[in-house]
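S.K.: One structure follows; several queries about it will come next.
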Amino acid sequence: MEGSADTEEPPLLPLALSSFHISEEFGFLLPDPLTELPAAYSPWMDIAHELPQLITSRQLRSRVHQMPQLSPRQLRGREELHLAHLVLSFITMGYVWQEGEEGTVQVKARNLAVPFWEVSQALGLPPILSHADFVLANWRRKDPSGPLEIENLDTIIALPGGESLRGFILVTLLVEKAAVPGIKAIPRALGATLQGDEESLHRALEELAGAIEAMREALRRMHDYVDPEVFYSVIRIFLSGWKDNPAMAHGLIYEGVSPEALAFSGGSAAQSTVLHAFDELLGIRHRQDCAAFLCRMREYMPPAHRAFVEQIRGAGSPRHLVLSSGDARLRDAFNRCVWALAELRSYHITIVTKYIAVAAAKAKARRAELSGAGPAVGKAPSALEDKGTGGSHIFSFLKSIRDTTREGMIRA
C-alpha cells in the first residue's frame, strides 16, 4: 500500500500547484478519478454499488458482517487509495445511520473498521466521509470525451436520495470547478506581491474575483437539482458525524483499531480547501471560535491541500502591498475579491436557510402531526436541527464568517 501524505514540505515560493496535488484543470478535484478497484476488492465494490438499496431495505449491516476482512496492502497509488477511502467511507455512513438517528451502532465491525483506518492513515485523512470523498473524488464523466457539465456527469458511489443526492454532489463539484481560475491566480498574486509588481497583482486579483463570482453562479443551480425535503429528511443524516452530535454523543468504537470510542466530524462545506485558501490570500481573519472550527476542518483535507493553505498564510497577504500602494485601481480589485467572497457566503446562508432551517420546521410540524400515530417510518432526523453536519452552530457560524469577510474591505 503506497501512501500519498507528503513528508517533505514544498518550497514556500513560488507555489507550484502540482507540488500540492492541485490540478491546473480541475483545482482541488481529483482528476478523472478511478471508478473500480482491483478484483481482489470486489467485496467492497459490490456492496458500494448496492448501497442505496441495502440501506433502505435495512440489509447493509448484515452484508457488512458477512464481508471478508481485506487488507489494503495491494492498493497502489493515490487514485486507488482515494477510491478505497470513498467506498469505505460511504459504506461506513450507511452502516452507522442505516436505522436513522435512533438506531445507531456503538461499534463499527472490525472487517470494515480496520481497513478503513489503514487506508485513512495512508492518505492522511480521517476515517469518516469528508468533502474530499463526497465531492472531490466522487465523480465521473458519462462520455469520457465529453465536457465537465452536469448533464455529462455522475457520481461513482451513491447513498439514498436519488437525483437530489446526485444533484447535491455534482452542483458542489461545479462550484469547486468554478474556483479553478482563482486557485491558479494565487501563486501569481503572491509572486507579484513579493516583487512589488502592482500591475501583475491587479490582473491576479481580477481573475480571483471573477472566479468567486462564478462559484456563486454555480451554487445557484442547487435549486434546480436538489429537493429540500429529500436533502433534509433523507440525505443529510448520511453526512453527519459522531462528534458534537447528540445522536452519537459517545462517539464510535472502531473495532480492532481502538478500545476507546473515537469522534469525528461529518462532511461539511468548511472542509473545502477553496475558501480557506482565498481567506488566507486576502488576509481575512475570523473570530476566535469560528477560526478554531475552521482550523479543525483543515484536518479533514488531504494533507497536500492543507499544506497549500499553510504556505499561503506563511507567504503573507497582498493586502499589505495594496494598502501601501495607495493605488485606487488596485484597492478596487482587492475589494471586489473580498466583496465577492462575502456575497458567496451570504448566498450560502440563503441555501442553508432553504435546505435546513425551513425544511427542519416542516419536518418538525410533520412529527407533531404523526406523534399519535405510532413510530414514523423514514422519520426526518432532528438531532442536528440547529447544527451543520460538521457540528457547528450553523447560522451563527455562517453569519459570523460572512461578517468578518466584509470587515476585510479596505477603506479609501
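Ordering of the C-alpha cells sets the chain letters (A, B, ...); residue numbers start at 1 within each chain; ligands are numbered from 1 in the order shown.
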Could you tell me, as a PDB file with C-alpha atoms, in the first residue's frame, which residues of stretch 74-313 of chain A DSSP assigns to helix (DSSP H, G or I) when given the backbone?
M.R.:
ATOM      1  CA  GLN A  74      -2.419  -4.430  -2.561  1.00  0.00           C
ATOM      2  CA  GLY A  77      -1.038   4.811  -5.841  1.00  0.00           C
ATOM      3  CA  ARG A  78      -3.157   7.715  -4.669  1.00  0.00           C
ATOM      4  CA  GLU A  79      -6.003   7.028  -7.108  1.00  0.00           C
ATOM      5  CA  GLU A  80      -6.669   3.514  -5.789  1.00  0.00           C
ATOM      6  CA  LEU A  81      -6.335   4.708  -2.205  1.00  0.00           C
ATOM      7  CA  HIS A  82      -8.765   7.587  -2.787  1.00  0.00           C
ATOM      8  CA  LEU A  83     -11.346   5.262  -4.363  1.00  0.00           C
ATOM      9  CA  ALA A  84     -10.934   2.799  -1.458  1.00  0.00           C
ATOM     10  CA  HIS A  85     -11.432   5.657   1.006  1.00  0.00           C
ATOM     11  CA  LEU A  86     -14.512   6.834  -0.884  1.00  0.00           C
ATOM     12  CA  VAL A  87     -16.005   3.332  -0.927  1.00  0.00           C
ATOM     13  CA  LEU A  88     -15.281   2.544   2.724  1.00  0.00           C
ATOM     14  CA  SER A  89     -16.459   5.962   3.908  1.00  0.00           C
ATOM     15  CA  PHE A  90     -19.807   5.604   2.125  1.00  0.00           C
ATOM     16  CA  ILE A  91     -20.251   2.062   3.492  1.00  0.00           C
ATOM     17  CA  THR A  92     -19.397   3.392   6.962  1.00  0.00           C
ATOM     18  CA  MET A  93     -22.035   6.141   6.829  1.00  0.00           C
ATOM     19  CA  GLY A  94     -24.669   3.692   5.668  1.00  0.00           C
ATOM     20  CA  TYR A  95     -23.630   1.197   8.349  1.00  0.00           C
ATOM     21  CA  VAL A  96     -23.870   3.767  11.151  1.00  0.00           C
ATOM     22  CA  TRP A  97     -27.066   5.530  10.022  1.00  0.00           C
ATOM     23  CA  ARG A 110     -13.613  -4.936  12.595  1.00  0.00           C
ATOM     24  CA  ASN A 111     -13.760  -6.036   8.946  1.00  0.00           C
ATOM     25  CA  LEU A 112     -14.837  -2.505   7.994  1.00  0.00           C
ATOM     26  CA  ALA A 113     -13.069  -0.501  10.697  1.00  0.00           C
ATOM     27  CA  VAL A 114      -9.530  -1.884  10.298  1.00  0.00           C
ATOM     28  CA  PRO A 115      -9.079  -1.489   6.507  1.00  0.00           C
ATOM     29  CA  PHE A 116     -10.769   1.922   6.588  1.00  0.00           C
ATOM     30  CA  TRP A 117      -8.368   3.026   9.319  1.00  0.00           C
ATOM     31  CA  GLU A 118      -5.366   1.746   7.356  1.00  0.00           C
ATOM     32  CA  VAL A 119      -6.414   3.449   4.103  1.00  0.00           C
ATOM     33  CA  SER A 120      -7.086   6.661   6.038  1.00  0.00           C
ATOM     34  CA  GLN A 121      -3.634   6.547   7.623  1.00  0.00           C
ATOM     35  CA  ALA A 122      -2.008   6.091   4.206  1.00  0.00           C
ATOM     36  CA  LEU A 123      -3.828   9.127   2.786  1.00  0.00           C
ATOM     37  CA  HIS A 131     -15.695  16.609   1.454  1.00  0.00           C
ATOM     38  CA  ALA A 132     -12.569  15.060  -0.090  1.00  0.00           C
ATOM     39  CA  ASP A 133     -14.522  11.813  -0.621  1.00  0.00           C
ATOM     40  CA  PHE A 134     -18.071  13.013  -1.135  1.00  0.00           C
ATOM     41  CA  VAL A 135     -17.243  15.589  -3.828  1.00  0.00           C
ATOM     42  CA  LEU A 136     -13.571  15.741  -4.831  1.00  0.00           C
ATOM     43  CA  ILE A 150     -23.796  18.338 -15.037  1.00  0.00           C
ATOM     44  CA  GLU A 151     -25.581  16.556 -17.898  1.00  0.00           C
ATOM     45  CA  ASN A 152     -22.389  14.599 -18.636  1.00  0.00           C
ATOM     46  CA  GLY A 162     -31.699   9.574  -5.761  1.00  0.00           C
ATOM     47  CA  GLU A 163     -31.484  12.514  -8.144  1.00  0.00           C
ATOM     48  CA  SER A 164     -31.324  15.041  -5.286  1.00  0.00           C
ATOM     49  CA  LEU A 165     -28.204  13.370  -3.898  1.00  0.00           C
ATOM     50  CA  ARG A 166     -26.650  13.292  -7.351  1.00  0.00           C
ATOM     51  CA  GLY A 167     -27.523  16.969  -7.823  1.00  0.00           C
ATOM     52  CA  PHE A 168     -26.140  17.975  -4.428  1.00  0.00           C
ATOM     53  CA  ILE A 169     -22.791  16.308  -5.105  1.00  0.00           C
ATOM     54  CA  LEU A 170     -22.441  17.487  -8.692  1.00  0.00           C
ATOM     55  CA  VAL A 171     -23.506  21.101  -8.111  1.00  0.00           C
ATOM     56  CA  THR A 172     -20.947  21.248  -5.279  1.00  0.00           C
ATOM     57  CA  LEU A 173     -18.387  19.795  -7.702  1.00  0.00           C
ATOM     58  CA  LEU A 174     -19.188  22.533 -10.240  1.00  0.00           C
ATOM     59  CA  VAL A 175     -18.665  25.168  -7.523  1.00  0.00           C
ATOM     60  CA  GLU A 176     -15.209  23.646  -6.944  1.00  0.00           C
ATOM     61  CA  LYS A 177     -14.536  23.665 -10.691  1.00  0.00           C
ATOM     62  CA  ALA A 178     -15.586  27.321 -10.996  1.00  0.00           C
ATOM     63  CA  VAL A 180     -10.037  26.916 -10.604  1.00  0.00           C
ATOM     64  CA  PRO A 181      -9.053  30.272 -12.223  1.00  0.00           C
ATOM     65  CA  GLY A 182      -8.953  31.783  -8.717  1.00  0.00           C
ATOM     66  CA  ILE A 183      -6.772  28.958  -7.416  1.00  0.00           C
ATOM     67  CA  LYS A 184      -4.377  29.465 -10.343  1.00  0.00           C
ATOM     68  CA  ALA A 185      -4.287  33.198  -9.585  1.00  0.00           C
ATOM     69  CA  ILE A 186      -2.995  32.607  -6.042  1.00  0.00           C
ATOM     70  CA  PRO A 187       0.667  31.870  -6.926  1.00  0.00           C
ATOM     71  CA  ARG A 188       0.661  34.817  -9.346  1.00  0.00           C
ATOM     72  CA  ALA A 189      -0.745  37.155  -6.689  1.00  0.00           C
ATOM     73  CA  LEU A 190       1.837  36.045  -4.133  1.00  0.00           C
ATOM     74  CA  GLY A 191       4.681  36.312  -6.630  1.00  0.00           C
ATOM     75  CA  ALA A 192       3.559  39.784  -7.694  1.00  0.00           C
ATOM     76  CA  THR A 193       3.355  40.842  -4.044  1.00  0.00           C
ATOM     77  CA  LEU A 194       6.877  39.599  -3.371  1.00  0.00           C
ATOM     78  CA  GLN A 195       8.202  41.536  -6.371  1.00  0.00           C
ATOM     79  CA  GLU A 198       1.252  46.091  -8.860  1.00  0.00           C
ATOM     80  CA  GLU A 199       0.111  45.501 -12.449  1.00  0.00           C
ATOM     81  CA  SER A 200       0.520  41.701 -12.196  1.00  0.00           C
ATOM     82  CA  LEU A 201      -1.184  41.735  -8.803  1.00  0.00           C
ATOM     83  CA  HIS A 202      -4.118  43.661 -10.268  1.00  0.00           C
ATOM     84  CA  ARG A 203      -4.576  41.040 -13.017  1.00  0.00           C
ATOM     85  CA  ALA A 204      -4.396  38.185 -10.499  1.00  0.00           C
ATOM     86  CA  LEU A 205      -6.973  39.835  -8.225  1.00  0.00           C
ATOM     87  CA  GLU A 206      -9.338  40.399 -11.157  1.00  0.00           C
ATOM     88  CA  GLU A 207      -9.072  36.687 -12.034  1.00  0.00           C
ATOM     89  CA  LEU A 208      -9.735  35.750  -8.415  1.00  0.00           C
ATOM     90  CA  ALA A 209     -12.805  37.977  -8.174  1.00  0.00           C
ATOM     91  CA  GLY A 210     -14.204  36.539 -11.399  1.00  0.00           C
ATOM     92  CA  ALA A 211     -13.752  33.005 -10.103  1.00  0.00           C
ATOM     93  CA  ILE A 212     -15.536  33.742  -6.813  1.00  0.00           C
ATOM     94  CA  GLU A 213     -18.429  35.315  -8.707  1.00  0.00           C
ATOM     95  CA  ALA A 214     -18.591  32.218 -10.944  1.00  0.00           C
ATOM     96  CA  MET A 215     -18.715  30.000  -7.832  1.00  0.00           C
ATOM     97  CA  ARG A 216     -21.806  31.855  -6.660  1.00  0.00           C
ATOM     98  CA  GLU A 217     -23.467  31.382 -10.054  1.00  0.00           C
ATOM     99  CA  ALA A 218     -22.682  27.651  -9.930  1.00  0.00           C
ATOM    100  CA  LEU A 219     -24.150  27.396  -6.428  1.00  0.00           C
ATOM    101  CA  MET A 222     -28.663  23.806  -6.267  1.00  0.00           C
ATOM    102  CA  HIS A 223     -32.303  24.987  -6.555  1.00  0.00           C
ATOM    103  CA  ASP A 224     -32.679  23.193  -9.905  1.00  0.00           C
ATOM    104  CA  TYR A 225     -31.296  19.830  -8.849  1.00  0.00           C
ATOM    105  CA  PRO A 228     -35.127  20.496   0.100  1.00  0.00           C
ATOM    106  CA  GLU A 229     -37.310  17.809   1.712  1.00  0.00           C
ATOM    107  CA  VAL A 230     -35.194  14.991   0.278  1.00  0.00           C
ATOM    108  CA  PHE A 231     -31.997  16.741   1.334  1.00  0.00           C
ATOM    109  CA  TYR A 232     -33.141  17.327   4.904  1.00  0.00           C
ATOM    110  CA  SER A 233     -35.109  14.135   5.530  1.00  0.00           C
ATOM    111  CA  VAL A 234     -33.032  11.609   3.573  1.00  0.00           C
ATOM    112  CA  ILE A 235     -29.569  12.817   2.581  1.00  0.00           C
ATOM    113  CA  ARG A 236     -28.363  14.940   5.479  1.00  0.00           C
ATOM    114  CA  ILE A 237     -28.125  12.211   8.108  1.00  0.00           C
ATOM    115  CA  PHE A 238     -25.590  10.303   5.996  1.00  0.00           C
ATOM    116  CA  LEU A 239     -23.265  13.332   6.086  1.00  0.00           C
ATOM    117  CA  PRO A 246     -26.376  14.441  20.239  1.00  0.00           C
ATOM    118  CA  ALA A 247     -27.447  11.309  18.334  1.00  0.00           C
ATOM    119  CA  MET A 248     -23.966   9.810  18.902  1.00  0.00           C
ATOM    120  CA  ALA A 269     -18.523  22.739   3.176  1.00  0.00           C
ATOM    121  CA  ALA A 270     -15.995  24.082   5.705  1.00  0.00           C
ATOM    122  CA  GLN A 271     -13.746  21.179   4.673  1.00  0.00           C
ATOM    123  CA  THR A 273      -9.878  23.971   0.708  1.00  0.00           C
ATOM    124  CA  VAL A 274     -11.016  26.688  -1.692  1.00  0.00           C
ATOM    125  CA  LEU A 275     -12.377  29.257   0.755  1.00  0.00           C
ATOM    126  CA  HIS A 276      -9.587  28.605   3.270  1.00  0.00           C
ATOM    127  CA  ALA A 277      -7.066  29.444   0.526  1.00  0.00           C
ATOM    128  CA  PHE A 278      -8.941  32.584  -0.532  1.00  0.00           C
ATOM    129  CA  ASP A 279      -9.297  33.741   3.097  1.00  0.00           C
ATOM    130  CA  GLU A 280      -5.558  33.393   3.679  1.00  0.00           C
ATOM    131  CA  LEU A 281      -4.664  35.183   0.445  1.00  0.00           C
ATOM    132  CA  LEU A 282      -6.957  38.115   1.265  1.00  0.00           C
ATOM    133  CA  GLN A 288     -11.725  33.059  17.581  1.00  0.00           C
ATOM    134  CA  ASP A 289     -14.461  30.413  17.886  1.00  0.00           C
ATOM    135  CA  CYS A 290     -15.110  30.328  14.133  1.00  0.00           C
ATOM    136  CA  ALA A 291     -11.387  30.333  13.341  1.00  0.00           C
ATOM    137  CA  ALA A 292     -10.895  27.386  15.713  1.00  0.00           C
ATOM    138  CA  PHE A 293     -13.661  25.400  13.972  1.00  0.00           C
ATOM    139  CA  LEU A 294     -12.250  26.204  10.519  1.00  0.00           C
ATOM    140  CA  CYS A 295      -8.786  25.193  11.673  1.00  0.00           C
ATOM    141  CA  ARG A 296     -10.166  21.857  12.863  1.00  0.00           C
ATOM    142  CA  MET A 297     -11.872  21.343   9.495  1.00  0.00           C
ATOM    143  CA  ARG A 298      -8.460  21.521   7.815  1.00  0.00           C
ATOM    144  CA  GLU A 299      -7.691  18.154   9.409  1.00  0.00           C
ATOM    145  CA  TYR A 300     -10.304  16.718   7.018  1.00  0.00           C
ATOM    146  CA  PRO A 303      -2.537  16.806   3.633  1.00  0.00           C
ATOM    147  CA  ALA A 304      -1.128  18.392   0.465  1.00  0.00           C
ATOM    148  CA  HIS A 305      -4.130  20.732   0.204  1.00  0.00           C
ATOM    149  CA  ARG A 306      -3.801  21.631   3.876  1.00  0.00           C
ATOM    150  CA  ALA A 307      -0.117  22.400   3.282  1.00  0.00           C
ATOM    151  CA  PHE A 308      -1.080  24.700   0.395  1.00  0.00           C
ATOM    152  CA  VAL A 309      -3.268  26.778   2.727  1.00  0.00           C
ATOM    153  CA  GLU A 310      -0.490  26.971   5.310  1.00  0.00           C
ATOM    154  CA  GLN A 311       2.027  28.077   2.682  1.00  0.00           C
ATOM    155  CA  ILE A 312      -0.294  30.895   1.565  1.00  0.00           C
ATOM    156  CA  ARG A 313      -0.612  32.006   5.173  1.00  0.00           C
TER     157      ARG A 313
END
S.K.: Please extract the residues of stretch 78-313 of chain A with a backbone DSSP assignment of strand (DSSP E or B) and present them as number ranges by chain.
M.R.: A: 107-108, 140-141, 153-154, 252-254, 262
S.K.: With all heavy atoms retained, write the just-selected residues as a PDB file, in the first residue's frame.
M.R.:
ATOM      1  N   VAL A 107     -20.435   0.335  17.937  1.00  0.00           N
ATOM      2  CA  VAL A 107     -19.191  -0.309  17.498  1.00  0.00           C
ATOM      3  C   VAL A 107     -19.260  -0.547  15.995  1.00  0.00           C
ATOM      4  O   VAL A 107     -20.259  -1.069  15.487  1.00  0.00           O
ATOM      5  CB  VAL A 107     -18.976  -1.659  18.229  1.00  0.00           C
ATOM      6  CG1 VAL A 107     -17.680  -2.317  17.759  1.00  0.00           C
ATOM      7  CG2 VAL A 107     -18.964  -1.453  19.740  1.00  0.00           C
ATOM      8  N   LYS A 108     -18.212  -0.144  15.290  1.00  0.00           N
ATOM      9  CA  LYS A 108     -18.115  -0.451  13.858  1.00  0.00           C
ATOM     10  C   LYS A 108     -17.341  -1.750  13.698  1.00  0.00           C
ATOM     11  O   LYS A 108     -16.245  -1.905  14.262  1.00  0.00           O
ATOM     12  CB  LYS A 108     -17.432   0.685  13.098  1.00  0.00           C
ATOM     13  CG  LYS A 108     -17.370   0.414  11.595  1.00  0.00           C
ATOM     14  CD  LYS A 108     -17.134   1.649  10.781  1.00  0.00           C
ATOM     15  CE  LYS A 108     -15.707   2.147  10.885  1.00  0.00           C
ATOM     16  NZ  LYS A 108     -15.373   3.034   9.761  1.00  0.00           N
ATOM     17  N   ARG A 140     -17.529  11.110 -12.207  1.00  0.00           N
ATOM     18  CA  ARG A 140     -17.066  10.519 -13.465  1.00  0.00           C
ATOM     19  C   ARG A 140     -17.844  11.142 -14.613  1.00  0.00           C
ATOM     20  O   ARG A 140     -18.967  11.612 -14.442  1.00  0.00           O
ATOM     21  CB  ARG A 140     -17.267   8.999 -13.455  1.00  0.00           C
ATOM     22  CG  ARG A 140     -18.711   8.561 -13.394  1.00  0.00           C
ATOM     23  CD  ARG A 140     -18.853   7.046 -13.435  1.00  0.00           C
ATOM     24  NE  ARG A 140     -20.257   6.653 -13.434  1.00  0.00           N
ATOM     25  CZ  ARG A 140     -21.041   6.594 -14.512  1.00  0.00           C
ATOM     26  NH1 ARG A 140     -20.549   6.940 -15.711  1.00  0.00           N
ATOM     27  NH2 ARG A 140     -22.295   6.224 -14.424  1.00  0.00           N
ATOM     28  N   ARG A 141     -17.211  11.148 -15.768  1.00  0.00           N
ATOM     29  CA  ARG A 141     -17.905  11.590 -16.973  1.00  0.00           C
ATOM     30  C   ARG A 141     -18.691  10.415 -17.555  1.00  0.00           C
ATOM     31  O   ARG A 141     -18.183   9.305 -17.621  1.00  0.00           O
ATOM     32  CB  ARG A 141     -16.903  12.073 -18.021  1.00  0.00           C
ATOM     33  CG  ARG A 141     -16.247  13.405 -17.729  1.00  0.00           C
ATOM     34  CD  ARG A 141     -15.308  13.702 -18.887  1.00  0.00           C
ATOM     35  NE  ARG A 141     -14.791  15.050 -18.878  1.00  0.00           N
ATOM     36  CZ  ARG A 141     -13.608  15.404 -18.370  1.00  0.00           C
ATOM     37  NH1 ARG A 141     -12.848  14.489 -17.784  1.00  0.00           N
ATOM     38  NH2 ARG A 141     -13.191  16.651 -18.445  1.00  0.00           N
ATOM     39  N   LEU A 153     -22.192  14.309 -16.221  1.00  0.00           N
ATOM     40  CA  LEU A 153     -21.521  13.854 -15.007  1.00  0.00           C
ATOM     41  C   LEU A 153     -22.400  12.910 -14.206  1.00  0.00           C
ATOM     42  O   LEU A 153     -23.630  12.968 -14.274  1.00  0.00           O
ATOM     43  CB  LEU A 153     -21.151  15.052 -14.127  1.00  0.00           C
ATOM     44  CG  LEU A 153     -20.060  15.983 -14.641  1.00  0.00           C
ATOM     45  CD1 LEU A 153     -19.990  17.239 -13.783  1.00  0.00           C
ATOM     46  CD2 LEU A 153     -18.703  15.273 -14.652  1.00  0.00           C
ATOM     47  N   ASP A 154     -21.757  12.055 -13.449  1.00  0.00           N
ATOM     48  CA  ASP A 154     -22.465  11.203 -12.498  1.00  0.00           C
ATOM     49  C   ASP A 154     -21.549  10.940 -11.320  1.00  0.00           C
ATOM     50  O   ASP A 154     -20.329  11.182 -11.393  1.00  0.00           O
ATOM     51  CB  ASP A 154     -22.893   9.890 -13.145  1.00  0.00           C
ATOM     52  CG  ASP A 154     -24.123   9.285 -12.469  1.00  0.00           C
ATOM     53  OD1 ASP A 154     -24.510   9.779 -11.385  1.00  0.00           O
ATOM     54  OD2 ASP A 154     -24.695   8.331 -13.023  1.00  0.00           O
ATOM     55  N   LEU A 252     -17.844   6.646  18.353  1.00  0.00           N
ATOM     56  CA  LEU A 252     -17.951   5.333  17.724  1.00  0.00           C
ATOM     57  C   LEU A 252     -16.678   4.534  17.986  1.00  0.00           C
ATOM     58  O   LEU A 252     -15.576   5.041  17.800  1.00  0.00           O
ATOM     59  CB  LEU A 252     -18.163   5.502  16.211  1.00  0.00           C
ATOM     60  CG  LEU A 252     -18.290   4.232  15.368  1.00  0.00           C
ATOM     61  CD1 LEU A 252     -19.589   3.481  15.705  1.00  0.00           C
ATOM     62  CD2 LEU A 252     -18.247   4.579  13.878  1.00  0.00           C
ATOM     63  N   ILE A 253     -16.827   3.302  18.423  1.00  0.00           N
ATOM     64  CA  ILE A 253     -15.669   2.420  18.606  1.00  0.00           C
ATOM     65  C   ILE A 253     -15.339   1.760  17.270  1.00  0.00           C
ATOM     66  O   ILE A 253     -16.203   1.144  16.637  1.00  0.00           O
ATOM     67  CB  ILE A 253     -15.952   1.354  19.677  1.00  0.00           C
ATOM     68  CG1 ILE A 253     -16.088   2.003  21.065  1.00  0.00           C
ATOM     69  CG2 ILE A 253     -14.846   0.292  19.702  1.00  0.00           C
ATOM     70  CD1 ILE A 253     -16.524   1.063  22.159  1.00  0.00           C
ATOM     71  N   TYR A 254     -14.113   1.902  16.839  1.00  0.00           N
ATOM     72  CA  TYR A 254     -13.620   1.243  15.626  1.00  0.00           C
ATOM     73  C   TYR A 254     -12.975  -0.073  16.082  1.00  0.00           C
ATOM     74  O   TYR A 254     -11.824  -0.088  16.522  1.00  0.00           O
ATOM     75  CB  TYR A 254     -12.601   2.124  14.904  1.00  0.00           C
ATOM     76  CG  TYR A 254     -13.181   3.336  14.196  1.00  0.00           C
ATOM     77  CD1 TYR A 254     -13.846   4.343  14.890  1.00  0.00           C
ATOM     78  CD2 TYR A 254     -13.068   3.481  12.812  1.00  0.00           C
ATOM     79  CE1 TYR A 254     -14.370   5.460  14.251  1.00  0.00           C
ATOM     80  CE2 TYR A 254     -13.584   4.599  12.150  1.00  0.00           C
ATOM     81  CZ  TYR A 254     -14.231   5.577  12.876  1.00  0.00           C
ATOM     82  OH  TYR A 254     -14.751   6.675  12.225  1.00  0.00           O
ATOM     83  N   LEU A 262     -14.037   6.830  19.218  1.00  0.00           N
ATOM     84  CA  LEU A 262     -13.418   7.940  18.501  1.00  0.00           C
ATOM     85  C   LEU A 262     -14.510   8.880  18.004  1.00  0.00           C
ATOM     86  O   LEU A 262     -15.633   8.444  17.710  1.00  0.00           O
ATOM     87  CB  LEU A 262     -12.595   7.428  17.325  1.00  0.00           C
ATOM     88  CG  LEU A 262     -11.516   6.387  17.663  1.00  0.00           C
ATOM     89  CD1 LEU A 262     -10.860   5.857  16.392  1.00  0.00           C
ATOM     90  CD2 LEU A 262     -10.470   6.985  18.586  1.00  0.00           C
TER      91      LEU A 262
END
S.K.: Do you know which residues are at most 9 Å from A:Ser346 counting only C-alpha atoms, after dropping those on the same chain fewer than 5 positions away, and could you put them as a PyMOL selection string?
M.R.: chain A and resi 341+351+398-399+402
S.K.: Hey, can you spit out that residue selection with all heavy atoms as a compact mmCIF listing (two decimals), in the first residue's frame?
M.R.:
# COMPACT_ATOMS: atom_id res chain seq x y z
N LEU A 341 -16.46 37.37 -2.11
CA LEU A 341 -16.38 36.29 -1.13
C LEU A 341 -17.48 36.43 -0.08
O LEU A 341 -18.12 35.44 0.31
CB LEU A 341 -14.99 36.32 -0.47
CG LEU A 341 -14.58 35.12 0.39
CD1 LEU A 341 -14.70 33.81 -0.37
CD2 LEU A 341 -13.14 35.31 0.89
N ILE A 351 -29.03 29.41 0.92
CA ILE A 351 -29.20 27.99 0.61
C ILE A 351 -29.47 27.19 1.89
O ILE A 351 -30.37 26.35 1.94
CB ILE A 351 -27.93 27.45 -0.10
CG1 ILE A 351 -27.76 28.10 -1.48
CG2 ILE A 351 -27.95 25.93 -0.20
CD1 ILE A 351 -28.68 27.58 -2.54
N LEU A 398 -22.09 30.76 10.13
CA LEU A 398 -22.08 31.28 8.76
C LEU A 398 -22.20 32.81 8.73
O LEU A 398 -21.55 33.47 7.92
CB LEU A 398 -23.22 30.66 7.95
CG LEU A 398 -23.08 29.16 7.64
CD1 LEU A 398 -24.31 28.66 6.91
CD2 LEU A 398 -21.83 28.87 6.83
N LYS A 399 -23.03 33.37 9.61
CA LYS A 399 -23.17 34.83 9.64
C LYS A 399 -21.91 35.50 10.16
O LYS A 399 -21.50 36.56 9.67
CB LYS A 399 -24.38 35.21 10.50
CG LYS A 399 -25.71 34.88 9.82
CD LYS A 399 -26.90 35.16 10.72
CE LYS A 399 -28.20 34.80 10.01
NZ LYS A 399 -29.38 34.98 10.87
N ARG A 402 -19.30 35.43 7.36
CA ARG A 402 -19.71 36.39 6.33
C ARG A 402 -19.36 37.81 6.78
O ARG A 402 -18.81 38.62 6.02
CB ARG A 402 -21.20 36.22 6.07
CG ARG A 402 -21.77 37.04 4.89
CD ARG A 402 -22.30 38.40 5.31
NE ARG A 402 -23.11 38.38 6.50
CZ ARG A 402 -24.42 38.14 6.54
NH1 ARG A 402 -25.09 37.85 5.44
NH2 ARG A 402 -25.06 38.20 7.71
S.K.: Write out as a list in words the residues lying within 9 Å of A:Pro31, counting only C-alpha atoms and excluding same-chain residues fewer than 4 positions away.
M.R.: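 Residues near the query, excluding close chain neighbours: Ser23, Glu25, Phe26, Gly27, Leu136 and Ala137 of chain A.
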S.K.: Choose the residue, out of A:His49, A:Lys142, A:Arg406, A:His250, that has the smallest atom-to-atom separation from A:Arg336; count only C-alpha atoms.
M.R.: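 Smallest separation from A:Arg336 among the options: A:Arg406.
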S.K.: To one decimal in Å, tell me the separation between atom CA of A:Glu407 and atom CA of A:Ser317.
M.R.: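 The value is 15.3 Å.
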S.K.: Within 9 Å of A:Glu36, counting only C-alpha atoms, which residues qualify if same-chain residues fewer than 2 places away don't, as a list of chain:residue names?
M.R.: A:Leu34, A:Pro38, A:Ala39, A:Ser42, A:Met45, A:Glu80, A:Leu83, A:Ile156
S.K.: Any idea what the distance is between atom CA of A:Leu15 and atom CA of A:Ala315?
M.R.: 9.7 Å
S.K.: Atom CA of A:Ser325 to atom CA of A:Trp339: how many Å, to one decimal?
M.R.: 20.1 Å
S.K.: What's the 8 Å shell around A:Ile284, counting only C-alpha atoms, without same-chain residues fewer than 6 positions away, as a compact mmCIF listing (two decimals) with all heavy atoms, in the first residue's frame?
M.R.:
# COMPACT_ATOMS: atom_id res chain seq x y z
N THR A 404 -17.17 38.87 9.12
CA THR A 404 -15.73 39.14 9.23
C THR A 404 -15.08 39.22 7.84
O THR A 404 -14.08 39.90 7.67
CB THR A 404 -15.01 38.09 10.09
OG1 THR A 404 -15.40 36.77 9.69
CG2 THR A 404 -15.32 38.27 11.56
N THR A 405 -15.68 38.54 6.86
CA THR A 405 -15.19 38.71 5.49
C THR A 405 -15.43 40.14 5.03
O THR A 405 -14.53 40.79 4.49
CB THR A 405 -15.90 37.71 4.54
OG1 THR A 405 -15.66 36.38 4.98
CG2 THR A 405 -15.36 37.87 3.11
N GLY A 408 -13.03 42.74 5.94
CA GLY A 408 -11.73 42.72 5.26
C GLY A 408 -11.61 43.74 4.13
O GLY A 408 -10.54 43.88 3.52
